[in-house]
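Next comes upload.cif, a file with mmCIF, C-alpha atoms.
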data_coords
#
loop_
_atom_site.label_atom_id
_atom_site.label_comp_id
_atom_site.auth_asym_id
_atom_site.auth_seq_id
_atom_site.Cartn_x
_atom_site.Cartn_y
_atom_site.Cartn_z
CA MET S 1 102.29 116.19 56.23
CA THR S 2 100.95 118.14 59.18
CA LEU S 3 100.47 116.65 62.63
CA ALA S 4 96.72 116.58 62.06
CA GLU S 5 97.25 114.43 58.96
CA VAL S 6 99.34 111.78 60.73
CA PRO S 7 97.35 108.50 60.82
CA THR S 8 96.34 107.48 64.33
CA ARG S 9 95.68 104.03 65.75
CA ILE S 10 94.08 103.37 69.11
CA VAL S 11 96.23 100.88 71.00
CA TYR S 12 94.83 101.38 74.50
CA SER S 13 91.26 102.27 75.43
CA ARG S 14 88.95 102.05 78.40
CA PRO S 15 87.05 98.76 78.70
CA GLU S 16 83.37 99.37 77.96
CA VAL S 17 82.34 97.36 81.01
CA LEU S 18 83.95 99.97 83.28
CA ASP S 19 81.89 103.00 84.24
CA LYS S 20 83.35 106.28 83.03
CA ARG S 21 83.42 107.88 86.48
CA VAL S 22 86.78 108.54 88.14
CA THR S 23 87.63 106.12 90.94
CA HIS S 24 87.80 107.52 94.46
CA TYR S 25 90.74 105.44 95.70
CA CYS S 26 93.75 107.02 97.44
CA PRO S 27 96.75 108.13 95.32
CA GLY S 28 98.98 105.14 94.63
CA CYS S 29 96.31 102.55 95.46
CA THR S 30 95.99 99.87 92.80
CA HIS S 31 92.36 98.84 93.26
CA GLY S 32 91.72 100.72 90.03
CA VAL S 33 94.39 98.68 88.25
CA ALA S 34 92.78 95.46 89.48
CA HIS S 35 89.37 96.70 88.28
CA ARG S 36 90.76 97.30 84.83
CA LEU S 37 92.44 93.91 84.59
CA VAL S 38 89.26 92.08 85.57
CA ALA S 39 87.26 94.20 83.13
CA GLU S 40 89.66 93.56 80.26
CA VAL S 41 89.66 89.81 80.88
CA LEU S 42 85.86 89.60 81.04
CA GLU S 43 85.55 91.56 77.80
CA GLU S 44 88.23 89.59 75.97
CA MET S 45 86.61 86.33 77.01
CA GLY S 46 83.11 87.51 76.08
CA GLU S 47 81.86 86.95 79.63
CA VAL S 48 80.56 90.43 80.49
CA GLU S 49 76.87 89.51 80.16
CA ASN S 50 77.45 86.19 81.92
CA ALA S 51 79.45 87.46 84.91
CA ILE S 52 78.20 88.00 88.45
CA GLY S 53 80.50 89.68 90.97
CA VAL S 54 80.28 89.48 94.75
CA ALA S 55 81.68 92.52 96.57
CA SER S 56 83.06 92.23 100.08
CA VAL S 57 83.22 94.73 102.94
CA GLY S 58 86.23 97.06 102.93
CA CYS S 59 87.77 99.23 100.21
CA SER S 60 86.92 96.39 97.82
CA VAL S 61 83.20 96.97 98.31
CA PHE S 62 83.27 99.97 95.99
CA ILE S 63 84.01 97.83 92.94
CA TYR S 64 80.31 97.69 92.05
CA ASN S 65 80.35 101.47 91.53
CA TYR S 66 82.70 101.05 88.60
CA PHE S 67 81.50 97.90 86.79
CA ASN S 68 78.50 97.65 84.48
CA ILE S 69 77.79 94.02 85.31
CA ASP S 70 75.58 92.24 87.84
CA PHE S 71 76.99 92.67 91.35
CA VAL S 72 75.80 91.79 94.84
CA GLU S 73 77.24 92.78 98.21
CA ALA S 74 77.90 90.15 100.85
CA ALA S 75 78.04 90.52 104.62
CA HIS S 76 81.56 90.97 106.00
CA GLY S 77 83.63 87.88 105.18
CA ARG S 78 80.78 85.99 103.53
CA ALA S 79 81.55 86.64 99.86
CA PRO S 80 82.66 83.03 99.15
CA ALA S 81 79.48 81.69 100.75
CA MET S 82 77.28 84.02 98.71
CA ALA S 83 79.22 83.22 95.54
CA THR S 84 78.78 79.51 96.29
CA GLY S 85 75.03 79.92 96.52
CA ILE S 86 74.85 81.92 93.29
CA LYS S 87 77.04 79.45 91.39
CA ARG S 88 75.04 76.45 92.58
CA LEU S 89 71.80 78.12 91.60
CA LEU S 90 73.18 79.44 88.29
CA PRO S 91 75.92 76.97 87.32
CA ASP S 92 76.40 78.44 83.84
CA ARG S 93 77.33 81.90 85.13
CA THR S 94 80.87 83.19 85.75
CA VAL S 95 80.81 84.01 89.46
CA PHE S 96 83.67 85.76 91.22
CA THR S 97 84.39 87.49 94.51
CA TYR S 98 86.54 90.59 95.02
CA GLN S 99 87.96 90.77 98.56
CA GLY S 100 90.56 92.43 100.78
CA ASP S 101 92.65 91.40 103.79
CA GLY S 102 90.12 91.91 106.56
CA ASP S 103 87.30 90.33 104.61
CA LEU S 104 89.09 87.23 103.33
CA ALA S 105 92.05 86.61 105.64
CA SER S 106 90.42 87.59 108.95
CA ILE S 107 86.66 87.56 109.52
CA GLY S 108 86.08 85.52 106.36
CA MET S 109 88.77 82.89 106.90
CA GLY S 110 86.21 80.19 107.65
CA GLU S 111 84.29 80.96 104.48
CA ILE S 112 87.25 80.78 102.12
CA VAL S 113 88.58 77.62 103.81
CA GLY S 114 85.19 75.97 103.45
CA ALA S 115 84.78 76.98 99.82
CA ALA S 116 88.29 75.83 98.92
CA SER S 117 87.99 72.51 100.74
CA ARG S 118 84.71 71.77 98.94
CA GLY S 119 86.18 72.75 95.59
CA GLU S 120 83.44 75.29 94.93
CA LYS S 121 83.49 76.38 91.30
CA ILE S 122 83.99 80.10 91.89
CA THR S 123 86.82 82.55 91.27
CA VAL S 124 88.30 84.61 94.11
CA ILE S 125 90.24 87.84 93.49
CA PHE S 126 92.06 88.86 96.69
CA LEU S 127 93.86 92.20 97.08
CA ASN S 128 96.55 91.96 99.75
CA ASN S 129 97.83 95.32 101.04
CA ALA S 130 98.96 94.01 104.45
CA ASN S 131 96.52 96.06 106.52
CA TYR S 132 92.85 96.94 107.04
CA GLY S 133 92.72 99.80 104.56
CA MET S 134 89.17 101.11 104.96
CA THR S 135 89.05 101.25 108.76
CA GLY S 136 92.31 103.11 109.38
CA GLY S 137 95.20 100.79 108.65
CA GLN S 138 95.04 98.32 111.53
CA MET S 139 97.15 95.16 111.69
CA ALA S 140 95.88 92.28 109.54
CA PRO S 141 96.80 88.59 109.29
CA THR S 142 98.86 89.65 106.26
CA THR S 143 100.83 92.40 108.06
CA LEU S 144 104.58 91.84 107.86
CA PRO S 145 106.73 91.19 110.96
CA GLY S 146 107.85 94.54 112.35
CA GLN S 147 105.45 96.49 110.15
CA LYS S 148 103.89 99.46 111.93
CA THR S 149 100.12 99.90 111.79
CA THR S 150 97.62 101.90 113.80
CA SER S 151 97.12 98.88 116.09
CA SER S 152 100.80 97.87 116.13
CA PRO S 153 102.55 101.26 116.43
CA TYR S 154 105.83 99.62 117.51
CA GLY S 155 105.72 97.05 114.74
CA LYS S 156 103.99 93.69 114.48
CA ASP S 157 105.36 91.12 116.93
CA ALA S 158 105.27 87.93 114.88
CA ALA S 159 105.96 85.79 117.96
CA ARG S 160 102.76 87.12 119.51
CA PHE S 161 100.51 87.68 116.51
CA GLY S 162 101.83 85.14 114.02
CA LYS S 163 103.59 85.24 110.69
CA PRO S 164 101.88 86.72 107.63
CA PHE S 165 99.15 84.41 106.39
CA ARG S 166 100.02 82.78 103.07
CA ILE S 167 97.22 81.13 101.14
CA GLU S 168 99.46 78.65 99.31
CA ASP S 169 100.68 77.18 102.60
CA ALA S 170 97.16 76.52 103.83
CA TYR S 171 95.24 75.54 100.70
CA SER S 172 97.64 73.89 98.28
CA GLY S 173 96.34 70.46 99.25
CA PHE S 174 92.72 71.35 98.49
CA ASP S 175 90.92 70.60 95.24
CA MET S 176 91.59 73.99 93.70
CA GLY S 177 91.61 74.69 89.98
CA TYR S 178 94.11 77.53 90.20
CA LEU S 179 96.22 79.22 92.87
CA ALA S 180 98.50 82.16 92.08
CA ARG S 181 99.90 85.42 93.40
CA GLY S 182 100.80 88.48 91.37
CA ALA S 183 101.65 92.12 92.04
CA LEU S 184 100.05 95.32 90.77
CA VAL S 185 103.19 97.44 90.43
CA GLY S 186 105.37 97.62 87.33
CA ALA S 187 104.28 96.89 83.78
CA ALA S 188 105.69 93.35 83.69
CA ASN S 189 104.01 92.37 86.96
CA ILE S 190 100.70 93.91 85.92
CA ASN S 191 100.77 92.07 82.58
CA ARG S 192 101.48 88.81 84.36
CA ALA S 193 98.71 89.49 86.88
CA LYS S 194 96.27 89.86 83.99
CA LYS S 195 97.36 86.48 82.61
CA MET S 196 96.75 84.97 86.04
CA ILE S 197 93.26 86.43 86.21
CA ARG S 198 92.49 85.10 82.74
CA LYS S 199 93.83 81.66 83.63
CA ALA S 200 91.64 81.63 86.73
CA PHE S 201 88.52 82.48 84.74
CA GLU S 202 89.38 79.90 82.07
CA LYS S 203 89.68 77.15 84.66
CA HIS S 204 86.55 78.47 86.36
CA MET S 205 84.61 78.09 83.11
CA ASP S 206 86.03 74.57 82.79
CA ASN S 207 84.62 73.74 86.26
CA GLN S 208 88.03 72.80 87.68
CA GLY S 209 87.31 73.89 91.24
CA LEU S 210 87.91 77.10 93.18
CA CYS S 211 90.26 79.47 91.34
CA TYR S 212 92.17 82.00 93.43
CA VAL S 213 94.34 84.95 92.44
CA GLU S 214 96.02 87.04 95.13
CA LEU S 215 97.28 90.47 94.06
CA LEU S 216 99.80 92.38 96.16
CA SER S 217 98.68 96.00 96.27
CA PRO S 218 100.35 99.09 97.81
CA CYS S 219 98.52 101.17 100.39
CA PRO S 220 100.52 104.42 100.53
CA THR S 221 98.05 106.22 102.82
CA ASN S 222 98.09 103.63 105.63
CA TRP S 223 101.73 102.68 105.09
CA ASN S 224 102.61 106.39 105.49
CA LEU S 225 104.71 106.26 102.34
CA ALA S 226 104.74 108.25 99.11
CA PRO S 227 103.33 106.20 96.22
CA LEU S 228 106.75 105.45 94.69
CA LYS S 229 108.17 104.47 98.08
CA ALA S 230 105.14 102.22 98.62
CA LYS S 231 105.87 100.53 95.31
CA ASP S 232 109.46 99.89 96.44
CA PHE S 233 108.26 98.55 99.80
CA LEU S 234 105.94 96.10 98.07
CA LEU S 235 108.62 94.77 95.73
CA GLU S 236 111.46 94.73 98.25
CA GLU S 237 109.68 93.68 101.46
CA MET S 238 106.25 92.19 100.77
CA THR S 239 107.53 89.73 98.17
CA LYS S 240 109.94 88.28 100.76
CA HIS S 241 106.92 86.99 102.67
CA PHE S 242 104.52 86.67 99.73
CA PRO S 243 106.46 85.19 96.79
CA LEU S 244 104.99 85.80 93.37
CA GLY S 245 104.07 82.94 91.10
CA GLU S 246 101.65 80.16 90.29
CA PHE S 247 101.30 77.44 92.88
CA LYS S 248 98.67 75.26 91.27
CA GLY S 249 97.03 74.89 87.91
CA GLY S 250 98.90 76.87 85.27
CA ASP S 251 101.83 78.62 83.69
CA ALA S 252 101.09 82.34 83.28
CA LYS S 253 104.59 83.58 82.53
#
Please go through the file and, once you have read it, give me the structure as structure tokens.
Amino acid sequence: MTLAEVPTRIVYSRPEVLDKRVTHYCPGCTHGVAHRLVAEVLEEMGEVENAIGVASVGCSVFIYNYFNIDFVEAAHGRAPAMATGIKRLLPDRTVFTYQGDGDLASIGMGEIVGAASRGEKITVIFLNNANYGMTGGQMAPTTLPGQKTTSSPYGKDAARFGKPFRIEDAYSGFDMGYLARGALVGAANINRAKKMIRKAFEKHMDNQGLCYVELLSPCPTNWNLAPLKAKDFLLEEMTKHFPLGEFKGGDAK
């Protein structure tokens, strides 16, 4: 038997909901990984035609360039508010936001707190890379103590600027359907992150309240690290302050 005669079986293919263009993200960035996970979950659940995404301001805003579903762009920090309006108007649709540190944890803090406290029936996908990626790598509420950024060149002073913001500390008492944190580095972590995203959408469709998945993501360019070193930094340092796991609503082992 020649090589050409060996039977082939496709075990991994591009989700049809993703556009075929190449993403523009920096080397080592995992926005593209997050896009794929969301796309796979929507396709596997049969929710592609029913989904509406809300893009935030920041690197996350480019998600609508790569998805063939309905998307709208919100003003900076207002994605949860826009998603709330869409979901209330179209309660049968699967409505989700896709946000970064500056959009959700800084300028949009009031919006996500309000949506969570009201138990709005939306899903929030939050990529945490511990800095403001699009605008040059400035310090964010999620920046680690001692971490150097363009606005904290000597390292973040936690006594002055506060400890890294952790969603589970602030919102665990709210009426949330799901609350979890995963990481987008390493096959096992990525597989678990996908299960978290699916669990969030399942509880979303069951109208169990706001469903939230935080995904730790490396930012090699603004961390001034090679991609593999950025991966190590995420697993060895970020997870000390942002523990991985499910905090409310499921068991996505």
ask   = Exactly which residues make up the result of the PyMOL selection byres ((chain S and resi 94-96) around 8) on this file, given as a list in words?
value = Glu47, Asn50, Ala51, Ile52, Gly53, Val54, Ala83, Ile86, Lys87, Asp92, Arg93, Thr97, Tyr98, Ile122, Thr123, Val124, Ile125, Phe201, His204 and Met205 of chain S
Could you take the residues named above and write them with C-alpha atoms, as an mmCIF file, in the frame of the given file?
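Saved result, selection.cif, follows:
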data_model
loop_
_atom_site.group_PDB
_atom_site.id
_atom_site.type_symbol
_atom_site.label_atom_id
_atom_site.label_comp_id
_atom_site.auth_asym_id
_atom_site.auth_seq_id
_atom_site.Cartn_x
_atom_site.Cartn_y
_atom_site.Cartn_z
ATOM 1 C CA GLU S 47 81.860 86.950 79.630
ATOM 2 C CA ASN S 50 77.450 86.190 81.920
ATOM 3 C CA ALA S 51 79.450 87.460 84.910
ATOM 4 C CA ILE S 52 78.200 88.000 88.450
ATOM 5 C CA GLY S 53 80.500 89.680 90.970
ATOM 6 C CA VAL S 54 80.280 89.480 94.750
ATOM 7 C CA ALA S 83 79.220 83.220 95.540
ATOM 8 C CA ILE S 86 74.850 81.920 93.290
ATOM 9 C CA LYS S 87 77.040 79.450 91.390
ATOM 10 C CA ASP S 92 76.400 78.440 83.840
ATOM 11 C CA ARG S 93 77.330 81.900 85.130
ATOM 12 C CA THR S 97 84.390 87.490 94.510
ATOM 13 C CA TYR S 98 86.540 90.590 95.020
ATOM 14 C CA ILE S 122 83.990 80.100 91.890
ATOM 15 C CA THR S 123 86.820 82.550 91.270
ATOM 16 C CA VAL S 124 88.300 84.610 94.110
ATOM 17 C CA ILE S 125 90.240 87.840 93.490
ATOM 18 C CA PHE S 201 88.520 82.480 84.740
ATOM 19 C CA HIS S 204 86.550 78.470 86.360
ATOM 20 C CA MET S 205 84.610 78.090 83.110
#
To verify the selection step, state as number ranges by chain which residues the PyMOL selection byres ((chain S and resi 66-82) around 6) yields on this input. S: 17-19, 52-57, 63-65, 83-85, 103-104, 107-108, 111-112
Of S:Gly119, S:Lys194, S:Pro218, S:Gln208, the one nearest to S:Phe233 when counting all atoms listed in the file is S:Pro218
Please indicate the distance in Å from atom CA of S:Ala140 to atom CA of S:Ala34, rounded to one decimal place.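 Atom CA of S:Ala140 sits 20.5 Å away from atom CA of S:Ala34.
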query = Between S:Val185, S:Ile197, S:Pro145, S:Cys211, which is the closest to S:Lys240 once you count all atoms listed in the file?
reply =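 Nearest to S:Lys240: S:Pro145.
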Can you tell me, as JSON, numbers by chain, what residues are no more than 8 Å from S:Gly245 when counting only C-alpha atoms, ignoring any on the same chain fewer than 3 positions away? {"S": [180, 181, 182]}
- When distances are computed from only C-alpha atoms, which of S:Pro15, S:Gly100, S:Gly162, S:Gly250 shows the smallest separation from S:Ala130?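 Nearest candidate to S:Ala130 out of S:Pro15, S:Gly100, S:Gly162, S:Gly250: S:Gly100.
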Picked residues, the PyMOL selection byres ((chain S and resi 131) around 7), as a compact mmCIF listing (two decimals) with C-alpha atoms, in the frame of the given file:
# COMPACT_ATOMS: atom_id res chain seq x y z
CA ASP S 101 92.65 91.40 103.79
CA ASN S 129 97.83 95.32 101.04
CA ALA S 130 98.96 94.01 104.45
CA TYR S 132 92.85 96.94 107.04
CA GLY S 133 92.72 99.80 104.56
CA GLY S 137 95.20 100.79 108.65
CA GLN S 138 95.04 98.32 111.53
CA MET S 139 97.15 95.16 111.69
CA ALA S 140 95.88 92.28 109.54
CA THR S 142 98.86 89.65 106.26
CA THR S 143 100.83 92.40 108.06
- Quick one: pull the distance between atom CA of S:Arg88 and atom CA of S:Glu40, Å, one decimal.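 Atom CA of S:Glu40 lies at a distance of 25.7 Å from atom CA of S:Arg88.
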re atom CA of S:Gln99 and atom CA of S:Tyr154: distance 27.5 Å
Check your understanding: Between S:Glu236, S:Glu49, S:Glu202, S:Leu127, which one has atoms that come closest to S:Val61, using all atoms listed in the file?
Key ->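 Of the candidates, the smallest distance to S:Val61 is held by S:Leu127.
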For this session: Point out the residue among S:Ala39, S:Lys195, S:Cys29, S:His24 with the least atom-to-atom distance to S:Pro227, counting only C-alpha atoms.
Result: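 Residue with the minimum atom-to-atom distance to S:Pro227: S:Cys29.
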### Query
Out of S:Asp175, S:Glu237, S:Asp157, S:Asp169, which residue has the shortest atom-to-atom distance to S:Arg118 when counting only C-alpha atoms?
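Of all the options, S:Asp175 lies closest to S:Arg118.
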N, CA and C atoms restored at stretch 128-142 of chain S, emitted as a short mmCIF file (atom, residue, chain, number, x, y, z; two decimals), in the frame of the given file:
data_model
loop_
_atom_site.label_atom_id
_atom_site.label_comp_id
_atom_site.auth_asym_id
_atom_site.auth_seq_id
_atom_site.Cartn_x
_atom_site.Cartn_y
_atom_site.Cartn_z
N ASN S 128 95.79 92.00 98.50
CA ASN S 128 96.55 91.96 99.75
C ASN S 128 97.39 93.23 99.87
N ASN S 129 97.01 94.13 100.79
CA ASN S 129 97.83 95.32 101.04
C ASN S 129 98.34 95.37 102.48
N ALA S 130 98.31 94.20 103.15
CA ALA S 130 98.96 94.01 104.45
C ALA S 130 98.39 94.85 105.58
N ASN S 131 97.15 95.34 105.42
CA ASN S 131 96.52 96.06 106.52
C ASN S 131 95.02 96.18 106.26
N TYR S 132 94.28 96.68 107.23
CA TYR S 132 92.85 96.94 107.04
C TYR S 132 92.71 98.36 106.51
N GLY S 133 92.64 98.49 105.19
CA GLY S 133 92.72 99.80 104.56
C GLY S 133 91.56 100.72 104.87
N MET S 134 90.33 100.22 104.83
CA MET S 134 89.17 101.11 104.96
C MET S 134 89.02 101.66 106.37
N THR S 135 89.36 100.87 107.39
CA THR S 135 89.05 101.25 108.76
C THR S 135 90.18 101.96 109.48
N GLY S 136 91.27 102.31 108.76
CA GLY S 136 92.31 103.11 109.38
C GLY S 136 93.69 102.50 109.40
N GLY S 137 93.87 101.35 108.75
CA GLY S 137 95.20 100.79 108.65
C GLY S 137 95.63 99.93 109.81
N GLN S 138 94.68 99.19 110.42
CA GLN S 138 95.04 98.32 111.53
C GLN S 138 95.79 97.08 111.04
N MET S 139 96.41 96.38 111.98
CA MET S 139 97.15 95.16 111.69
C MET S 139 96.21 94.08 111.18
N ALA S 140 96.66 93.36 110.15
CA ALA S 140 95.88 92.28 109.54
C ALA S 140 96.66 90.98 109.63
N PRO S 141 96.04 89.84 109.33
CA PRO S 141 96.80 88.59 109.29
C PRO S 141 97.92 88.62 108.26
N THR S 142 97.85 89.53 107.31
CA THR S 142 98.86 89.65 106.26
C THR S 142 99.94 90.68 106.58
#
